Structure formats: C-alpha cells, structure tokens
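Peer 1: The structure that follows is given in the form of structure tokens.
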Amino acid sequence: MEPVTLRTERLGLSVPTADDIDAITAAAQDPEVPRWTTLPSPYERRHAEEFVAKATGWWDDESELTWAVRLDGRWIGMVGLHRVEKQSAAEIGFWMDAAARGHGYLTEAATAVVEFGFAEPLSLARLQWRAVVGNHASARVAQKLGFRYEGLLRQGLSDPRGRHDGWIAALLRTDDRSPQSWPVLPQPVP
C-alpha cells in the first residue's frame with residue numbers, strides 16, 4: 001500500500017521523513033516518552049534514522065501504518081496502526097512532543113487514523129488500544145475516541161526495559177464513537 005496522507009482541521013499526517021529525524025530525536029529525550037512507550041532509552045539520532053527508514057517499508061508490507069503528525073509543517077508527534085490485519089483488527093499507538101501536549105492535537109490526529117482504519121481499503125472491524133498502567137494521558141485520548149475499557153493485562157505489555165501491566169480497550173467499527181466514561185483504572189502492582 002502506498003503511504004496515505006491524512007488532513008484534519010489543524011494537522012497534516014503523513015509518513016515520517018528524514019526532515020523529521022531531528023525533531024523525533026529531540027522529543028524522545030523527554031523522560032515521559034520512554035516511560036510510557038517502547039522507544040529505546042537513551043534515544044539516539046540513529047534510532048530515529050532507523051525508524052524513518054523502516055516506516056515506508058511497513059506501509060509496503062501493510063503491517064504497520066505510521067503517520068508523522070505535523071502542525072504548520074512542523075513535526076509534533078506520531079500515530080500508528082500496528083499489527084494490521086485487513087478487514088479484521090489493528091492496534092493504535094501514539095505519542096507527542098511535550099510542547100504539543102494539551103492542545104487536543106493527539107485526539108484530532110488519532111480520530112483521523114481511526115476513521116482511516118475503519119474505511120476502505122483496510123475495513124477494520126476492531127481497533128485495540130493498550131497502555132502501560134498509569135498512563136492516564138493516553139487513557140484520556142482513548143476515552144475521547146470512544147474506546148471501551150476491557151480490563152487489565154497482567155504483565156501484558158513488553159518493552160526493552162521489562163514487562164509491565166497494561167490497560168486494554170477496544171473500539172469496534174459499529175460502536176458509537178462518543179467519549180466514554182471508564183471505571184477507576186487499576187494502578188500498578190508494587
């Protein structure tokens with residue numbers, strides 16, 4: 001599949017390019033990024049170079065569909081569909097530069113990706129969201145997108161630094177996409 005560009009009222013979403021490498025590298029230095037994602041820590045420029053080099057190939061394989069989120073042409077974050085199974089399911093993932101947080105950009109970008117995932121040619125039936133227990137910012141975005149909380153995954157998320165408990169939620173193509181209220185989310189087990 002050729003990479004697809006998406007547009008929202010304020011944002012452009014397209015495959016990450018070499019022009020994004022410095023911004024990705026700088027944003028990944030924020031300690032909150034490796035805390036809640038599987039990005040390597042410490043994150044070096046070569047990691048961003050490798051990521052950008054792989055992104056177009058993932059589109060070719062249709063296994064990972066990754067968008068750089070841009071505001072006025074400037075990179076501010078990433079949104080992706082992972083483990084894509086056409087006409088079946090995928091998992092949504094996202095992260096933002098610290099300066100871009102709190103403006104609704106992530107929800108706006110993720111909404112466009114959700115709509116793309118449920119439409120042709122992917123025609124997904126289900127999107128899954130997972131996050132490390134304690135990542136309330138990610139949970140708020142999932143709630144705004146209409147994801148329904150499904151439960152706690154004990155030791156269900158792996159990353160290079162170890163395994164973690166995770167929260168899981170899902171959104172079906174047929175679901176109402178209005179914001180959801182979730183129960184009090186379980187906290188990390190000491």
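As shown in the structure tokens, the chain order sets the letters A, B, ...; within each chain, residues go from 1, and ligands are also counted from 1 in the order they appear.
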Identify, on the basis of only C-alpha atoms, every residue whose closest approach to Pro42 (chain A) does not exceed 9 Å; exclude the query and any residue fewer than 4 positions from it along the same chain; express the result as a PyMOL selection string.
Peer 2: chain A and resi 28-29+34
Peer 1: Could you save those same residues with all heavy atoms as a PDB file, in the first residue's frame?
Peer 2:
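To be explicit, this is the file written out as out-v9.pdb:
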```pdb
ATOM      1  N   ALA A  28      12.087  12.630  21.863  1.00  0.00           N
ATOM      2  CA  ALA A  28      12.286  11.369  22.586  1.00  0.00           C
ATOM      3  C   ALA A  28      13.217  11.523  23.785  1.00  0.00           C
ATOM      4  O   ALA A  28      13.346  10.589  24.584  1.00  0.00           O
ATOM      5  CB  ALA A  28      12.824  10.310  21.633  1.00  0.00           C
ATOM      6  N   GLN A  29      13.825  12.682  23.965  1.00  0.00           N
ATOM      7  CA  GLN A  29      14.680  12.919  25.135  1.00  0.00           C
ATOM      8  C   GLN A  29      13.842  13.197  26.384  1.00  0.00           C
ATOM      9  O   GLN A  29      14.345  13.107  27.506  1.00  0.00           O
ATOM     10  CB  GLN A  29      15.641  14.085  24.877  1.00  0.00           C
ATOM     11  CG  GLN A  29      16.542  13.894  23.665  1.00  0.00           C
ATOM     12  CD  GLN A  29      17.192  12.526  23.591  1.00  0.00           C
ATOM     13  OE1 GLN A  29      17.904  12.117  24.506  1.00  0.00           O
ATOM     14  NE2 GLN A  29      16.946  11.799  22.500  1.00  0.00           N
ATOM     15  N   PRO A  34      10.039   7.529  26.962  1.00  0.00           N
ATOM     16  CA  PRO A  34      10.384   6.118  27.190  1.00  0.00           C
ATOM     17  C   PRO A  34       9.631   5.506  28.380  1.00  0.00           C
ATOM     18  O   PRO A  34       9.465   4.287  28.442  1.00  0.00           O
ATOM     19  CB  PRO A  34      11.890   6.146  27.434  1.00  0.00           C
ATOM     20  CG  PRO A  34      12.200   7.532  27.833  1.00  0.00           C
ATOM     21  CD  PRO A  34      11.188   8.409  27.150  1.00  0.00           C
TER      22      PRO A  34
END
```
Peer 1: To test your reading of the structure, identify every residue in region 13-189 of chain A that backbone DSSP assigns to strand (DSSP E), and report it as a ChimeraX atom specification.
Peer 2: /A:13-14,65-71,74-85,89-96,126-132,148-159,162-172
Peer 1: With only C-alpha atoms as the counted atoms, please give the residues lying no more than 10 Å from Ala99 (chain A), apart from itself and same-chain residues fewer than 4 positions off, as a list in words.
Peer 2: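 The residues satisfying every condition are Ala27, Ile76 and His103 of chain A.
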Peer 1: Between CA of Gln187 (chain A) and CA of Gly151 (chain A), measure the distance and give it in Å to one decimal.
Peer 2: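 Rounded to one decimal, the two atoms are 11.7 Å apart.
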Peer 1: Let's see if you can do this: from backbone DSSP, list all helix (DSSP H, G or I) residues in region 34-157 of chain A, as a ChimeraX atom specification.
Peer 2: /A:34-36,45-61,98-100,105-118,136-145
Peer 1: Take the residues that were just selected and, keeping C-alpha atoms, output them as a short mmCIF file (atom, residue, chain, number, x, y, z; two decimals), in the first residue's frame.
Peer 2:
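Saved result, selection.cif, follows:
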```
data_model
loop_
_atom_site.label_atom_id
_atom_site.label_comp_id
_atom_site.auth_asym_id
_atom_site.auth_seq_id
_atom_site.Cartn_x
_atom_site.Cartn_y
_atom_site.Cartn_z
CA PRO A 34 10.38 6.12 27.19
CA ARG A 35 8.40 5.82 30.43
CA TRP A 36 5.17 5.16 28.51
CA ARG A 45 19.64 10.05 16.44
CA ARG A 46 20.40 6.68 14.83
CA HIS A 47 17.15 5.31 16.34
CA ALA A 48 15.13 8.00 14.55
CA GLU A 49 17.07 7.39 11.33
CA GLU A 50 16.32 3.64 11.52
CA PHE A 51 12.65 4.29 12.33
CA VAL A 52 12.18 6.67 9.40
CA ALA A 53 13.97 4.26 7.05
CA LYS A 54 11.60 1.43 8.08
CA ALA A 55 8.34 3.41 8.01
CA THR A 56 7.78 3.33 4.25
CA GLY A 57 8.56 -0.41 4.17
CA TRP A 58 5.92 -1.05 6.79
CA TRP A 59 3.38 0.65 4.51
CA ASP A 60 4.55 -1.63 1.67
CA ASP A 61 4.00 -4.67 3.92
CA ALA A 98 5.91 17.71 25.16
CA ALA A 99 5.30 21.17 23.68
CA ALA A 100 2.35 19.83 21.63
CA TYR A 105 -3.75 17.62 18.63
CA LEU A 106 -3.35 13.98 19.54
CA THR A 107 -7.09 13.35 19.76
CA GLU A 108 -7.58 15.16 16.43
CA ALA A 109 -4.86 13.14 14.71
CA ALA A 110 -5.94 9.82 16.23
CA THR A 111 -9.55 10.47 15.16
CA ALA A 112 -8.38 10.75 11.55
CA VAL A 113 -6.41 7.50 11.88
CA VAL A 114 -9.40 5.69 13.44
CA GLU A 115 -11.62 6.83 10.56
CA PHE A 116 -9.00 5.69 8.04
CA GLY A 117 -8.71 2.29 9.74
CA PHE A 118 -12.45 1.60 9.61
CA HIS A 136 -3.60 8.42 32.19
CA ALA A 137 -2.89 10.87 29.36
CA SER A 138 -3.10 8.05 26.80
CA ALA A 139 -6.24 6.71 28.51
CA ARG A 140 -7.92 10.13 28.22
CA VAL A 141 -7.30 10.15 24.47
CA ALA A 142 -8.69 6.61 24.11
CA GLN A 143 -11.80 7.62 26.10
CA LYS A 144 -12.33 10.69 23.87
CA LEU A 145 -12.07 8.46 20.80
#
```
Peer 1: Given the choices A:Gln87, A:Ala169, A:Asp30, A:Ser178, which gets closest to Ala119 (chain A) if the distance is worked out from only C-alpha atoms?
Peer 2: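 The answer is A:Gln87, which sits nearest to Ala119 (chain A).
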Peer 1: With the cut-off set at 6 Å and counting only C-alpha atoms, tabulate each residue of region 55-126 of chain A with an atom at most that distance from an atom of region 7-23 of chain A, showing the nearest atom pair and its distance in Å to one decimal, ordered by chain and increasing number, as CSV.
Peer 2:
```
residue,atom,partner,partner_atom,distance
A:Trp67,CA,A:Val15,CA,4.8
A:Ala68,CA,A:Pro16,CA,4.9
A:Val69,CA,A:Leu13,CA,4.7
A:Arg70,CA,A:Gly12,CA,5.2
A:Leu71,CA,A:Leu11,CA,5.1
```
Peer 1: Which polymer residues have any atom within 7 Å of an atom of Val132 (chain A), counting only C-alpha atoms, with same-chain residues fewer than 2 positions away left out, as a ChimeraX atom specification?
Peer 2: /A:36,134-135,157,164-167
Peer 1: Please write the residues from the selection above to a file, keeping N, CA, C and O atoms, as a PDB file, in the first residue's frame.
Peer 2:
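Just written: result.pdb:
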```
ATOM      1  N   TRP A  36       6.484   5.664  28.933  1.00  0.00           N
ATOM      2  CA  TRP A  36       5.174   5.163  28.514  1.00  0.00           C
ATOM      3  C   TRP A  36       5.176   4.475  27.162  1.00  0.00           C
ATOM      4  O   TRP A  36       4.139   3.982  26.713  1.00  0.00           O
ATOM      5  N   GLY A 134      -0.993   3.333  34.432  1.00  0.00           N
ATOM      6  CA  GLY A 134      -0.541   4.624  34.928  1.00  0.00           C
ATOM      7  C   GLY A 134      -0.482   5.705  33.860  1.00  0.00           C
ATOM      8  O   GLY A 134      -0.368   6.879  34.181  1.00  0.00           O
ATOM      9  N   ASN A 135      -0.594   5.328  32.593  1.00  0.00           N
ATOM     10  CA  ASN A 135      -0.528   6.302  31.510  1.00  0.00           C
ATOM     11  C   ASN A 135      -1.913   6.927  31.301  1.00  0.00           C
ATOM     12  O   ASN A 135      -2.626   6.641  30.345  1.00  0.00           O
ATOM     13  N   LEU A 157       2.274  -6.170  28.673  1.00  0.00           N
ATOM     14  CA  LEU A 157       2.964  -5.296  27.734  1.00  0.00           C
ATOM     15  C   LEU A 157       4.454  -5.489  27.892  1.00  0.00           C
ATOM     16  O   LEU A 157       4.981  -5.440  28.989  1.00  0.00           O
ATOM     17  N   HIS A 164       5.361  -5.091  31.698  1.00  0.00           N
ATOM     18  CA  HIS A 164       4.525  -4.239  32.532  1.00  0.00           C
ATOM     19  C   HIS A 164       3.066  -4.663  32.451  1.00  0.00           C
ATOM     20  O   HIS A 164       2.612  -5.168  31.435  1.00  0.00           O
ATOM     21  N   ASP A 165       2.338  -4.364  33.520  1.00  0.00           N
ATOM     22  CA  ASP A 165       0.890  -4.488  33.459  1.00  0.00           C
ATOM     23  C   ASP A 165       0.370  -3.437  32.496  1.00  0.00           C
ATOM     24  O   ASP A 165       0.949  -2.357  32.358  1.00  0.00           O
ATOM     25  N   GLY A 166      -0.735  -3.747  31.844  1.00  0.00           N
ATOM     26  CA  GLY A 166      -1.292  -2.797  30.889  1.00  0.00           C
ATOM     27  C   GLY A 166      -2.796  -2.725  30.967  1.00  0.00           C
ATOM     28  O   GLY A 166      -3.461  -3.639  31.438  1.00  0.00           O
ATOM     29  N   TRP A 167      -3.317  -1.601  30.526  1.00  0.00           N
ATOM     30  CA  TRP A 167      -4.750  -1.436  30.338  1.00  0.00           C
ATOM     31  C   TRP A 167      -5.060  -1.750  28.883  1.00  0.00           C
ATOM     32  O   TRP A 167      -4.241  -1.518  27.998  1.00  0.00           O
TER      33      TRP A 167
END
```
Peer 1: Can you work out which one of A:Gly93, A:Pro121, A:Pro31, A:Gly104 has the shortest atom-to-atom distance to Glu62 (chain A), counting only C-alpha atoms?
Peer 2: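 Comparing A:Gly93, A:Pro121, A:Pro31, A:Gly104 against Glu62 (chain A), the winner is A:Pro121.
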Peer 1: Set the distance at 7 Å and use only C-alpha atoms: which residues neighbour Leu81 (chain A) once local chain neighbours fewer than 2 positions away are removed? I'd like the list as a PyMOL selection string.
Peer 2: chain A and resi 64-66+83-84+90-93
